[in-house]
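Visitor: Got a structure for you, work_8.txt, holding compact mmCIF, C-alpha atoms and all ligand atoms.
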# COMPACT_ATOMS: atom_id res chain seq x y z
CA MET Z 1 88.31 94.47 95.78
CA ILE Z 2 91.05 93.17 98.07
CA PRO Z 3 91.95 95.61 100.90
CA VAL Z 4 95.19 95.37 102.86
CA THR Z 5 93.23 94.20 105.90
CA LYS Z 6 89.73 93.37 107.11
CA PRO Z 7 88.79 93.08 110.77
CA PHE Z 8 88.00 89.57 111.96
CA LEU Z 9 84.31 89.14 112.78
CA PRO Z 10 83.11 86.14 114.81
CA PRO Z 11 79.68 84.53 114.24
CA LYS Z 12 77.16 87.16 115.35
CA GLU Z 13 75.28 84.76 117.67
CA GLU Z 14 78.40 84.28 119.78
CA TYR Z 15 78.65 88.02 120.36
CA ASN Z 16 74.90 88.41 120.97
CA GLU Z 17 75.00 85.80 123.69
CA LEU Z 18 77.49 87.83 125.72
CA ILE Z 19 75.62 91.06 125.00
CA SER Z 20 72.44 89.55 126.54
CA GLY Z 21 74.37 89.02 129.74
CA ILE Z 22 75.46 92.66 129.77
CA TRP Z 23 71.80 93.69 129.38
CA LYS Z 24 70.73 91.49 132.27
CA ARG Z 25 73.44 92.76 134.59
CA GLY Z 26 73.16 96.40 133.57
CA TRP Z 27 76.92 96.74 134.12
CA LEU Z 28 78.35 98.44 131.05
CA THR Z 29 81.86 99.54 131.91
CA ASN Z 30 84.34 100.14 134.78
CA MET Z 31 86.14 96.82 135.32
CA GLY Z 32 83.00 94.76 134.73
CA PRO Z 33 82.82 90.97 134.79
CA LEU Z 34 83.63 90.54 131.07
CA ALA Z 35 86.57 92.94 131.20
CA ASN Z 36 87.89 91.05 134.22
CA GLU Z 37 87.34 87.71 132.50
CA LEU Z 38 89.18 88.93 129.41
CA GLU Z 39 92.06 90.12 131.55
CA ALA Z 40 92.33 86.75 133.28
CA THR Z 41 92.00 84.88 129.98
CA LEU Z 42 94.74 86.86 128.28
CA GLN Z 43 97.00 86.74 131.32
CA LYS Z 44 96.75 82.95 131.33
CA HIS Z 45 97.04 82.56 127.56
CA LEU Z 46 100.13 84.76 127.36
CA GLN Z 47 101.57 83.41 130.63
CA VAL Z 48 102.33 86.85 132.03
CA ASN Z 49 102.19 88.06 135.62
CA HIS Z 50 100.18 91.27 135.56
CA LEU Z 51 97.99 92.34 132.67
CA LEU Z 52 95.55 95.25 132.57
CA TYR Z 53 92.95 95.69 129.82
CA VAL Z 54 92.74 99.31 128.63
CA THR Z 55 90.97 101.53 126.09
CA ASN Z 56 93.52 101.23 123.30
CA GLY Z 57 97.18 100.68 122.54
CA THR Z 58 97.96 104.39 122.58
CA ILE Z 59 96.66 105.02 126.08
CA ALA Z 60 98.61 101.90 127.09
CA LEU Z 61 101.84 103.58 125.96
CA GLN Z 62 100.96 106.87 127.64
CA MET Z 63 100.09 105.09 130.90
CA ALA Z 64 103.41 103.21 130.73
CA ILE Z 65 105.42 106.43 130.36
CA LYS Z 66 103.42 108.06 133.16
CA ALA Z 67 103.69 105.10 135.53
CA LEU Z 68 107.48 104.96 135.15
CA GLY Z 69 107.68 108.70 135.82
CA LEU Z 70 109.78 109.30 132.72
CA LYS Z 71 111.22 112.73 131.96
CA GLY Z 72 113.72 114.05 129.46
CA GLU Z 73 114.83 112.00 126.47
CA ILE Z 74 113.43 108.65 125.43
CA LEU Z 75 115.34 106.67 122.81
CA THR Z 76 112.96 105.25 120.25
CA THR Z 77 112.50 103.89 116.76
CA PRO Z 78 111.48 106.03 113.78
CA PHE Z 79 110.08 102.94 112.03
CA SER Z 80 106.76 102.40 113.80
CA PHE Z 81 103.16 103.60 113.93
CA ILE Z 82 102.75 107.25 114.88
CA ALA Z 83 101.45 106.40 118.38
CA THR Z 84 104.90 105.21 119.49
CA THR Z 85 106.34 108.70 118.98
CA SER Z 86 103.26 110.79 119.73
CA SER Z 87 102.87 109.14 123.16
CA ILE Z 88 106.36 110.30 124.11
CA VAL Z 89 105.64 113.88 123.04
CA TRP Z 90 102.17 113.78 124.65
CA GLU Z 91 103.83 112.88 127.96
CA ASN Z 92 106.15 115.88 127.64
CA CYS Z 93 109.24 113.83 126.92
CA THR Z 94 111.59 114.19 123.97
CA PRO Z 95 111.84 111.36 121.45
CA VAL Z 96 115.40 110.69 120.29
CA PHE Z 97 115.43 108.52 117.20
CA VAL Z 98 117.90 105.68 116.83
CA ASP Z 99 118.32 104.13 113.39
CA ILE Z 100 116.97 100.65 112.67
CA ASP Z 101 118.65 97.38 111.84
CA GLU Z 102 118.26 96.64 108.15
CA GLN Z 103 117.49 92.96 108.66
CA SER Z 104 114.96 93.00 111.49
CA LEU Z 105 113.70 96.58 110.87
CA ASN Z 106 113.70 97.03 114.66
CA ILE Z 107 115.69 99.64 116.59
CA ASP Z 108 119.39 98.82 116.11
CA ALA Z 109 120.61 97.86 119.60
CA ALA Z 110 124.22 98.49 118.50
CA LYS Z 111 123.38 102.16 117.90
CA ILE Z 112 121.56 102.82 121.18
CA GLU Z 113 124.53 103.60 123.43
CA ALA Z 114 125.85 106.36 121.17
CA ALA Z 115 122.51 108.17 121.54
CA ILE Z 116 122.47 108.15 125.36
CA THR Z 117 122.97 111.51 127.08
CA GLU Z 118 122.66 112.59 130.71
CA ASN Z 119 119.00 113.38 129.96
CA THR Z 120 118.11 109.91 128.70
CA THR Z 121 115.67 108.07 130.95
CA ALA Z 122 114.29 105.24 128.83
CA ILE Z 123 114.14 103.19 125.66
CA LEU Z 124 110.79 102.76 123.91
CA ALA Z 125 111.12 100.17 121.16
CA THR Z 126 108.58 98.54 118.86
CA HIS Z 127 108.56 94.85 117.94
CA VAL Z 128 107.93 95.71 114.30
CA TYR Z 129 105.46 93.36 112.53
CA GLY Z 130 105.63 91.24 115.71
CA ASN Z 131 109.32 90.44 115.17
CA PRO Z 132 111.05 90.75 118.57
CA CYS Z 133 113.69 93.41 119.17
CA ASP Z 134 117.08 92.27 120.44
CA VAL Z 135 115.61 92.14 123.95
CA ILE Z 136 118.77 90.71 125.54
CA ALA Z 137 121.07 93.45 124.20
CA ILE Z 138 118.55 96.16 125.11
CA GLU Z 139 118.21 94.81 128.65
CA LYS Z 140 122.01 94.89 129.06
CA ILE Z 141 122.26 98.49 127.87
CA ALA Z 142 119.34 99.55 130.05
CA ASN Z 143 120.88 97.96 133.14
CA LYS Z 144 124.28 99.49 132.46
CA HIS Z 145 122.88 103.01 132.05
CA ASN Z 146 120.01 102.74 134.51
CA LEU Z 147 117.32 103.26 131.87
CA LYS Z 148 113.72 102.03 131.87
CA VAL Z 149 112.48 99.95 128.95
CA ILE Z 150 109.01 100.03 127.39
CA TYR Z 151 108.12 97.76 124.48
CA ASP Z 152 105.38 98.70 122.07
CA GLY Z 153 104.10 95.21 121.35
CA ALA Z 154 101.06 96.36 119.35
CA HIS Z 155 101.96 93.87 116.58
CA ALA Z 156 103.30 91.13 118.79
CA PHE Z 157 100.28 89.35 120.28
CA GLY Z 158 101.12 85.71 121.01
CA VAL Z 159 104.82 85.87 120.11
CA LYS Z 160 107.31 84.04 122.31
CA VAL Z 161 111.02 84.78 122.41
CA HIS Z 162 113.73 82.83 124.25
CA GLY Z 163 110.99 80.54 125.53
CA LYS Z 164 108.71 83.14 127.14
CA SER Z 165 106.10 85.69 126.20
CA ILE Z 166 107.44 88.73 124.42
CA PHE Z 167 105.40 90.84 126.87
CA GLU Z 168 107.59 89.64 129.75
CA TYR Z 169 110.43 91.84 128.55
CA GLY Z 170 111.06 95.43 129.57
CA ASP Z 171 109.65 97.24 132.59
CA ILE Z 172 106.31 97.50 130.79
CA SER Z 173 105.08 96.04 127.52
CA THR Z 174 101.99 97.26 125.73
CA CYS Z 175 99.68 95.79 123.11
CA SER Z 176 96.89 97.06 120.89
CA LEU Z 177 93.64 95.17 120.36
CA HIS Z 178 92.41 97.50 117.63
CA ALA Z 179 90.08 96.08 114.96
CA THR Z 180 92.86 96.02 112.36
CA LYS Z 181 95.16 93.95 114.55
CA LEU Z 182 95.64 90.21 114.43
CA TYR Z 183 93.49 89.66 117.54
CA HIS Z 184 91.15 92.46 118.56
CA SER Z 185 88.35 93.76 120.79
CA ILE Z 186 87.24 96.49 118.30
CA GLU Z 187 89.15 99.13 120.29
CA GLY Z 188 91.34 97.98 123.13
CA GLY Z 189 94.79 97.28 124.40
CA PHE Z 190 96.67 96.10 127.45
CA VAL Z 191 99.73 96.77 129.57
CA VAL Z 192 101.89 94.01 131.02
CA THR Z 193 104.48 94.18 133.79
CA ASN Z 194 106.27 91.72 136.06
CA ASP Z 195 106.28 94.22 138.90
CA LYS Z 196 103.27 93.94 141.20
CA GLU Z 197 103.57 97.46 142.60
CA LEU Z 198 103.90 98.94 139.15
CA SER Z 199 100.81 97.02 138.09
CA GLN Z 200 98.86 98.43 141.04
CA LYS Z 201 100.01 101.91 140.09
CA LEU Z 202 98.92 101.35 136.49
CA ALA Z 203 95.52 100.15 137.71
CA LYS Z 204 95.05 103.41 139.60
CA ILE Z 205 96.25 105.48 136.65
CA ARG Z 206 93.70 103.67 134.46
CA ASN Z 207 90.91 104.79 136.77
CA PHE Z 208 91.55 108.55 137.20
CA GLY Z 209 94.04 107.89 140.00
CA PHE Z 210 91.29 106.73 142.38
CA ASP Z 211 92.50 104.87 145.45
CA GLY Z 212 89.04 104.26 146.89
CA PRO Z 213 85.74 106.06 146.33
CA GLU Z 214 86.88 109.27 147.98
CA SER Z 215 90.63 109.33 147.69
CA PHE Z 216 93.25 109.76 144.98
CA ALA Z 217 96.71 108.21 144.90
CA GLU Z 218 98.00 109.30 141.49
CA LEU Z 219 97.54 111.58 138.57
CA GLY Z 220 95.31 109.39 136.46
CA ILE Z 221 93.44 109.20 133.19
CA ASN Z 222 90.42 107.29 131.91
CA GLY Z 223 92.00 104.18 130.43
CA LYS Z 224 89.13 101.80 131.19
CA ASN Z 225 87.42 99.73 128.52
CA SER Z 226 83.78 98.69 128.23
CA GLU Z 227 81.95 95.37 128.58
CA TYR Z 228 81.01 95.52 124.88
CA HIS Z 229 84.64 95.67 123.85
CA ALA Z 230 85.59 92.96 126.32
CA ALA Z 231 82.78 90.79 124.91
CA MET Z 232 84.29 91.04 121.43
CA GLY Z 233 87.70 90.22 122.87
CA LEU Z 234 86.31 87.12 124.61
CA VAL Z 235 84.45 85.89 121.54
CA ASN Z 236 87.39 86.47 119.22
CA TYR Z 237 89.64 84.67 121.69
CA LYS Z 238 87.86 81.41 120.86
CA HIS Z 239 88.98 81.82 117.26
CA ILE Z 240 92.62 82.65 117.93
CA GLU Z 241 93.92 79.31 116.79
CA ALA Z 242 91.90 79.37 113.58
CA ILE Z 243 93.09 82.94 112.89
CA HIS Z 244 96.70 81.93 113.50
CA ASN Z 245 96.50 78.85 111.27
CA LYS Z 246 94.84 80.69 108.41
CA ARG Z 247 97.37 83.52 108.46
CA LYS Z 248 100.21 81.03 108.58
CA LYS Z 249 98.83 79.23 105.53
CA LEU Z 250 98.41 82.48 103.59
CA THR Z 251 101.90 83.64 104.52
CA GLU Z 252 103.37 80.35 103.33
CA ALA Z 253 101.46 80.68 100.06
CA TYR Z 254 102.90 84.17 99.56
CA LEU Z 255 106.42 82.96 100.28
CA THR Z 256 106.18 80.02 97.90
CA ASN Z 257 104.57 82.00 95.10
CA LEU Z 258 106.66 85.14 95.29
CA GLN Z 259 110.04 83.55 94.74
CA GLY Z 260 111.83 85.53 92.07
CA LEU Z 261 110.19 88.86 92.97
CA ALA Z 262 112.75 91.64 93.51
CA ALA Z 263 111.86 91.99 97.19
CA VAL Z 264 112.74 90.36 100.52
CA THR Z 265 110.97 89.77 103.83
CA PRO Z 266 112.55 91.06 107.08
CA ILE Z 267 114.76 88.56 108.92
CA TRP Z 268 112.86 87.13 111.88
CA HIS Z 269 114.43 86.77 115.34
CA SER Z 270 116.08 83.34 115.39
CA GLU Z 271 114.67 82.38 118.80
CA ALA Z 272 111.13 83.64 118.40
CA SER Z 273 107.82 82.21 117.29
CA LYS Z 274 105.78 83.95 114.60
CA ASN Z 275 102.28 85.40 114.73
CA TYR Z 276 101.81 86.28 111.03
CA ALA Z 277 100.46 89.72 111.88
CA TYR Z 278 101.59 91.29 108.58
CA PHE Z 279 103.15 90.34 105.28
CA PRO Z 280 105.82 93.01 104.67
CA LEU Z 281 108.19 93.10 101.71
CA VAL Z 282 111.24 95.30 101.25
CA PHE Z 283 111.65 95.95 97.53
CA GLU Z 284 115.00 96.38 95.80
CA THR Z 285 113.99 99.81 94.51
CA GLU Z 286 111.29 102.34 95.33
CA GLU Z 287 110.59 102.77 91.64
CA PHE Z 288 109.68 99.11 91.19
CA MET Z 289 107.60 99.13 94.37
CA LEU Z 290 105.58 102.16 93.24
CA LYS Z 291 104.96 100.41 89.95
CA CYS Z 292 103.72 97.36 91.86
CA ILE Z 293 101.36 99.49 93.96
CA ASP Z 294 99.89 100.99 90.78
CA VAL Z 295 99.40 97.72 88.95
CA LEU Z 296 97.91 96.11 92.06
CA LYS Z 297 95.49 99.05 92.29
CA GLU Z 298 94.46 98.59 88.66
CA ASN Z 299 93.53 95.07 89.72
CA GLU Z 300 91.56 96.33 92.74
CA ILE Z 301 94.21 95.10 95.16
CA PHE Z 302 95.34 97.51 97.83
CA ALA Z 303 98.71 97.09 99.50
CA ARG Z 304 99.92 99.62 102.07
CA ARG Z 305 103.19 101.48 102.61
CA TYR Z 306 103.52 100.57 106.26
CA PHE Z 307 105.59 102.30 107.75
CA TYR Z 308 106.13 105.23 105.48
CA PRO Z 309 107.24 107.96 105.89
CA SER Z 310 109.86 107.72 108.64
CA LEU Z 311 108.60 109.26 111.90
CA ALA Z 312 111.97 111.04 112.18
CA ASN Z 313 111.34 113.36 109.26
CA SER Z 314 107.60 113.73 108.82
CA LEU Z 315 106.07 115.14 112.02
CA PRO Z 316 105.07 118.81 112.15
CA TYR Z 317 105.93 118.99 115.86
CA LEU Z 318 109.49 117.63 115.65
CA ASP Z 319 112.61 118.81 113.87
CA PRO Z 320 113.18 116.43 110.98
CA ILE Z 321 116.31 114.29 110.94
CA SER Z 322 117.55 111.79 108.39
CA LEU Z 323 118.60 108.28 109.36
CA LYS Z 324 120.40 106.22 106.80
CA VAL Z 325 118.82 102.80 107.17
CA THR Z 326 115.32 103.98 108.11
CA ASP Z 327 115.11 106.39 105.19
CA ALA Z 328 116.34 103.76 102.76
CA ILE Z 329 113.96 101.05 104.02
CA ALA Z 330 110.82 103.11 104.70
CA LYS Z 331 110.50 104.13 101.07
CA ARG Z 332 110.80 100.54 99.83
CA VAL Z 333 108.54 98.69 102.24
CA LEU Z 334 105.07 97.43 101.39
CA CYS Z 335 102.57 95.29 103.30
CA LEU Z 336 100.48 92.94 101.18
CA PRO Z 337 96.88 92.02 102.05
CA LEU Z 338 96.63 89.58 104.95
CA TYR Z 339 93.44 88.82 106.86
CA PHE Z 340 91.33 85.88 107.97
CA LYS Z 341 88.81 86.08 105.14
CA LEU Z 342 91.47 86.32 102.44
CA SER Z 343 91.47 83.15 100.35
CA ASN Z 344 94.35 81.12 98.99
CA LYS Z 345 92.97 81.84 95.54
CA GLU Z 346 93.16 85.58 96.14
CA VAL Z 347 96.76 85.23 97.33
CA ASN Z 348 97.53 83.39 94.11
CA VAL Z 349 96.00 86.22 92.08
CA ILE Z 350 97.99 88.86 94.03
CA CYS Z 351 101.19 86.90 93.40
CA GLU Z 352 100.45 86.43 89.70
CA VAL Z 353 99.87 90.16 89.31
CA LEU Z 354 103.12 90.98 91.13
CA LEU Z 355 105.19 88.50 89.15
CA SER Z 356 103.84 89.87 85.87
CA ILE Z 357 105.29 93.33 86.58
CA LYS Z 358 108.61 94.09 84.91
CA ASN Z 359 111.32 95.40 87.23
C1 LIG Z 401 98.15 100.04 116.29
C2 LIG Z 401 99.41 100.51 116.91
C3 LIG Z 401 99.43 101.34 118.05
C4 LIG Z 401 98.20 102.01 118.58
O1 LIG Z 401 97.20 101.18 118.99
P1 LIG Z 401 95.70 101.72 119.11
O2 LIG Z 401 95.03 100.60 119.81
O3 LIG Z 401 95.20 101.92 117.72
O4 LIG Z 401 95.71 102.97 119.89
C5 LIG Z 401 100.64 101.63 118.65
N1 LIG Z 401 101.79 101.16 118.15
C6 LIG Z 401 101.83 100.40 117.04
C7 LIG Z 401 103.15 99.90 116.56
C8 LIG Z 401 100.65 100.06 116.37
O5 LIG Z 401 100.69 99.33 115.26
Would you kindly transcribe this structure into structure tokens?

Guide:
Amino acid sequence: MIPVTKPFLPPKEEYNELISGIWKRGWLTNMGPLANELEATLQKHLQVNHLLYVTNGTIALQMAIKALGLKGEILTTPFSFIATTSSIVWENCTPVFVDIDEQSLNIDAAKIEAAITENTTAILATHVYGNPCDVIAIEKIANKHNLKVIYDGAHAFGVKVHGKSIFEYGDISTCSLHATKLYHSIEGGFVVTNDKELSQKLAKIRNFGFDGPESFAELGINGKNSEYHAAMGLVNYKHIEAIHNKRKKLTEAYLTNLQGLAAVTPIWHSEASKNYAYFPLVFETEEFMLKCIDVLKENEIFARRYFYPSLANSLPYLDPISLKVTDAIAKRVLCLPLYFKLSNKEVNVICEVLLSIKN
């Protein structure tokens, strides 16, 4: 059986070693030494100014919206994981969906201005599959209309664009370190900002709003993460290069072998590095794609329709709207298996199966 993804697991001894330290110290959570070490490690690795390690990528988004004091309408993408939209609704704001660009599959910057109203306060965009949004155009629009920008960078760990970390863009960028992600700490996530004061505010929000043992500065939440999760993050960090290289190799094998298949990959940002977080294909027709899913399944290979359906017309708590490009793409997109333990041989088998299917 080949699943669409498998979490990376480091050698058990490496994890056990850090766990022994936790036992000795008796410090299990609340900004412990491992959580602080992970924060410093990631901050240095990503070359960002202020990074806070949190419980997961969803709380990271909610904390970002809260910290920026957003109200009213937030312009966002319908082509993302549910947490991008649900966080906006959870924070009592209104998501306003802007259609996506059919090449990058990210929010179409050229369509943002038309969606701005007097109630718009921010743009929340996802770097889909780790492919950077048009960060320059979005920054220009945000400056012109006095809007805040949050980037959901859950897929974008390690990506650089225009020579710097993707997490440097926007007022706040978030990431998920969930087990299914490229680099993970089982559950986990982080928020990044260039603004020191905003970072201090986020730190208080993460810890119930505490401003000292007996005083509160903010409305807060519990966004802390544990020493056990941080330990996994630190151990997995040592394998980041190996993970990257393996995924790169597998992606290249897919690309070489799948020539001739009636499907294309999204167009990557021309000034960005890649992290090989996913292997998405946009098929020429939904009919052919569904056939491919079935035949792959018969061969015990499980691809995933990611992201389908469009968030703009599938949520019970929002009025459905149709968006031309999103609707057309979402029903034709499929992510093929991609994970560290996947072998070149298995990729070859997946490709052979796909190429044997008649369009
Ligand atoms: C995974 C993911 C999230 C949520 O992250 P969690 O850590 O699972 O809460 C948010 N946005 C996107 C785009 C994701 O893929």

Visitor: Hey, which residues sit close to ligand LIG 401 (chain Z)? Say within 10 Å, counting all atoms listed in the file, and write them as a VMD selection string.

Guide: chain Z and resid 54 to 61 79 to 87 125 to 130 151 to 156 174 to 181 184 to 190 306 to 307

Visitor: Select, from Z:Pro132, Z:Pro78, Z:Pro337, Z:Gly212, the residue with the minimum atom-to-atom distance to Pro309 in chain Z, counting all atoms listed in the file.

Guide: Z:Pro78

Visitor: Determine the nearest neighbour of Phe288 in chain Z from the options Z:Ala230, Z:Leu323, Z:Ile357, Z:Cys335, counting all atoms listed in the file.

Guide: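 Residue with the minimum atom-to-atom distance to Phe288 in chain Z: Z:Ile357.
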
Visitor: So which residues touch range 33-43 of chain Z within 7 Å, counting all atoms listed in the file, skipping near sequence neighbours fewer than 3 positions away, as a VMD selection string?

Guide: chain Z and resid 46 to 53 227 230 to 231 233 to 234

Visitor: Let's have the selection written as a PDB file, keeping the file's coordinate frame, with C-alpha atoms.

Guide:
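What ended up in again-v3.pdb:
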ATOM      1  CA  LEU Z  46     100.130  84.760 127.360  1.00  0.00           C
ATOM      2  CA  GLN Z  47     101.570  83.410 130.630  1.00  0.00           C
ATOM      3  CA  VAL Z  48     102.330  86.850 132.030  1.00  0.00           C
ATOM      4  CA  ASN Z  49     102.190  88.060 135.620  1.00  0.00           C
ATOM      5  CA  HIS Z  50     100.180  91.270 135.560  1.00  0.00           C
ATOM      6  CA  LEU Z  51      97.990  92.340 132.670  1.00  0.00           C
ATOM      7  CA  LEU Z  52      95.550  95.250 132.570  1.00  0.00           C
ATOM      8  CA  TYR Z  53      92.950  95.690 129.820  1.00  0.00           C
ATOM      9  CA  GLU Z 227      81.950  95.370 128.580  1.00  0.00           C
ATOM     10  CA  ALA Z 230      85.590  92.960 126.320  1.00  0.00           C
ATOM     11  CA  ALA Z 231      82.780  90.790 124.910  1.00  0.00           C
ATOM     12  CA  GLY Z 233      87.700  90.220 122.870  1.00  0.00           C
ATOM     13  CA  LEU Z 234      86.310  87.120 124.610  1.00  0.00           C
TER      14      LEU Z 234
END

Visitor: What's the separation between CA of Gln62 in chain Z and CA of Thr193 in chain Z, in Å to one decimal place?

Guide: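 Going from CA of Gln62 in chain Z over to CA of Thr193 in chain Z covers 14.5 Å.
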
Visitor: Tell me which of Z:Phe210, Z:Phe216, Z:Trp268, Z:Tyr169 sits closest to Ser104 in chain Z, counting only C-alpha atoms.

Guide: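 Looking at the shortest contact to Ser104 in chain Z, the residue is Z:Trp268.
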
Visitor: Any idea what's packed within 12 Å of Thr117 in chain Z, counting only C-alpha atoms, ignoring anything in its chain fewer than 5 positions away? Could you give it as a ChimeraX atom specification?

Guide: /Z:72-75,96,112,122,145-147

Visitor: Find the residues near Asn348 in chain Z: any atom within 12 Å, counting only C-alpha atoms, skip ones fewer than 3 places away on the same chain, and give them as a list of chain:residue names.

Guide: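 My list of contacting residues is Z:Leu250, Z:Thr251, Z:Glu252, Z:Ala253, Z:Tyr254, Z:Leu255, Z:Thr256, Z:Asn257, Z:Leu258, Z:Pro337, Z:Leu342, Z:Ser343, Z:Asn344, Z:Lys345, Z:Cys351, Z:Glu352, Z:Val353, Z:Leu354, Z:Leu355.
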
Visitor: Using all atoms listed in the file, find the one residue out of Z:Glu91, Z:Glu113, Z:Asp134, Z:Asp99 that sits nearest to His269 in chain Z.

Guide: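 Using all atoms listed in the file, the shortest distance to His269 in chain Z belongs to Z:Asp134.
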
Visitor: Given the choices Z:Val325, Z:Met63, Z:Ala203, Z:Lys358, which gets closest to Lys111 in chain Z if the distance is worked out from all atoms listed in the file?

Guide: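 Closest to Lys111 in chain Z, using all atoms listed in the file: Z:Val325.
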
Visitor: For CA of Arg247 in chain Z and CA of Glu300 in chain Z, quote the distance in Å rounded to one decimal.

Guide: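 These two atoms are separated by 21.1 Å.
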
Visitor: If you take all atoms listed in the file and a cut-off of 12 Å, which residues of range 13-37 of chain Z touch range 219-222 of chain Z, and what are their nearest atom pairs and distances in Å to one decimal, in chain and number order, as JSON lines?

Guide:
{"residue": "Z:Thr29", "atom": "CA", "partner": "Z:Asn222", "partner_atom": "CA", "distance": 11.5}
{"residue": "Z:Asn30", "atom": "CA", "partner": "Z:Asn222", "partner_atom": "CA", "distance": 9.8}
{"residue": "Z:Met31", "atom": "CA", "partner": "Z:Asn222", "partner_atom": "CA", "distance": 11.8}

Visitor: Go through Z:Ser314, Z:Phe340, Z:Leu182, Z:Ile141 one by one, measure the shortest atom-to-atom distance of each to Lys249 in chain Z using all atoms listed in the file, and give the residue with the smallest value.

Guide: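 Answer, going by the shortest atom-to-atom distance: Z:Phe340.
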
Visitor: When you draw a straight line from CA of Lys160 in chain Z to CA of Val235 in chain Z, how long is it in Å?

Guide: 22.9 Å

Visitor: Quick one: what's the axis-aligned box for range 65-74 of chain Z, all listed atoms, 8 Å on every side, centre and edges in Å to one decimal, as JSON?

Guide:
{"center_x": 109.1, "center_y": 109.5, "center_z": 130.6, "size_x": 27.4, "size_y": 25.1, "size_z": 26.4}

Visitor: Around the point (111.4, 98.4, 98.1) (coordinates from the file), which residues reach within 8 Å if we count only C-alpha atoms? Answer as a list of chain:residue names.

Guide: Z:Ala263, Z:Leu281, Z:Val282, Z:Phe283, Z:Glu284, Z:Thr285, Z:Glu286, Z:Glu287, Z:Phe288, Z:Met289, Z:Ile329, Z:Lys331, Z:Arg332, Z:Val333, Z:Leu334
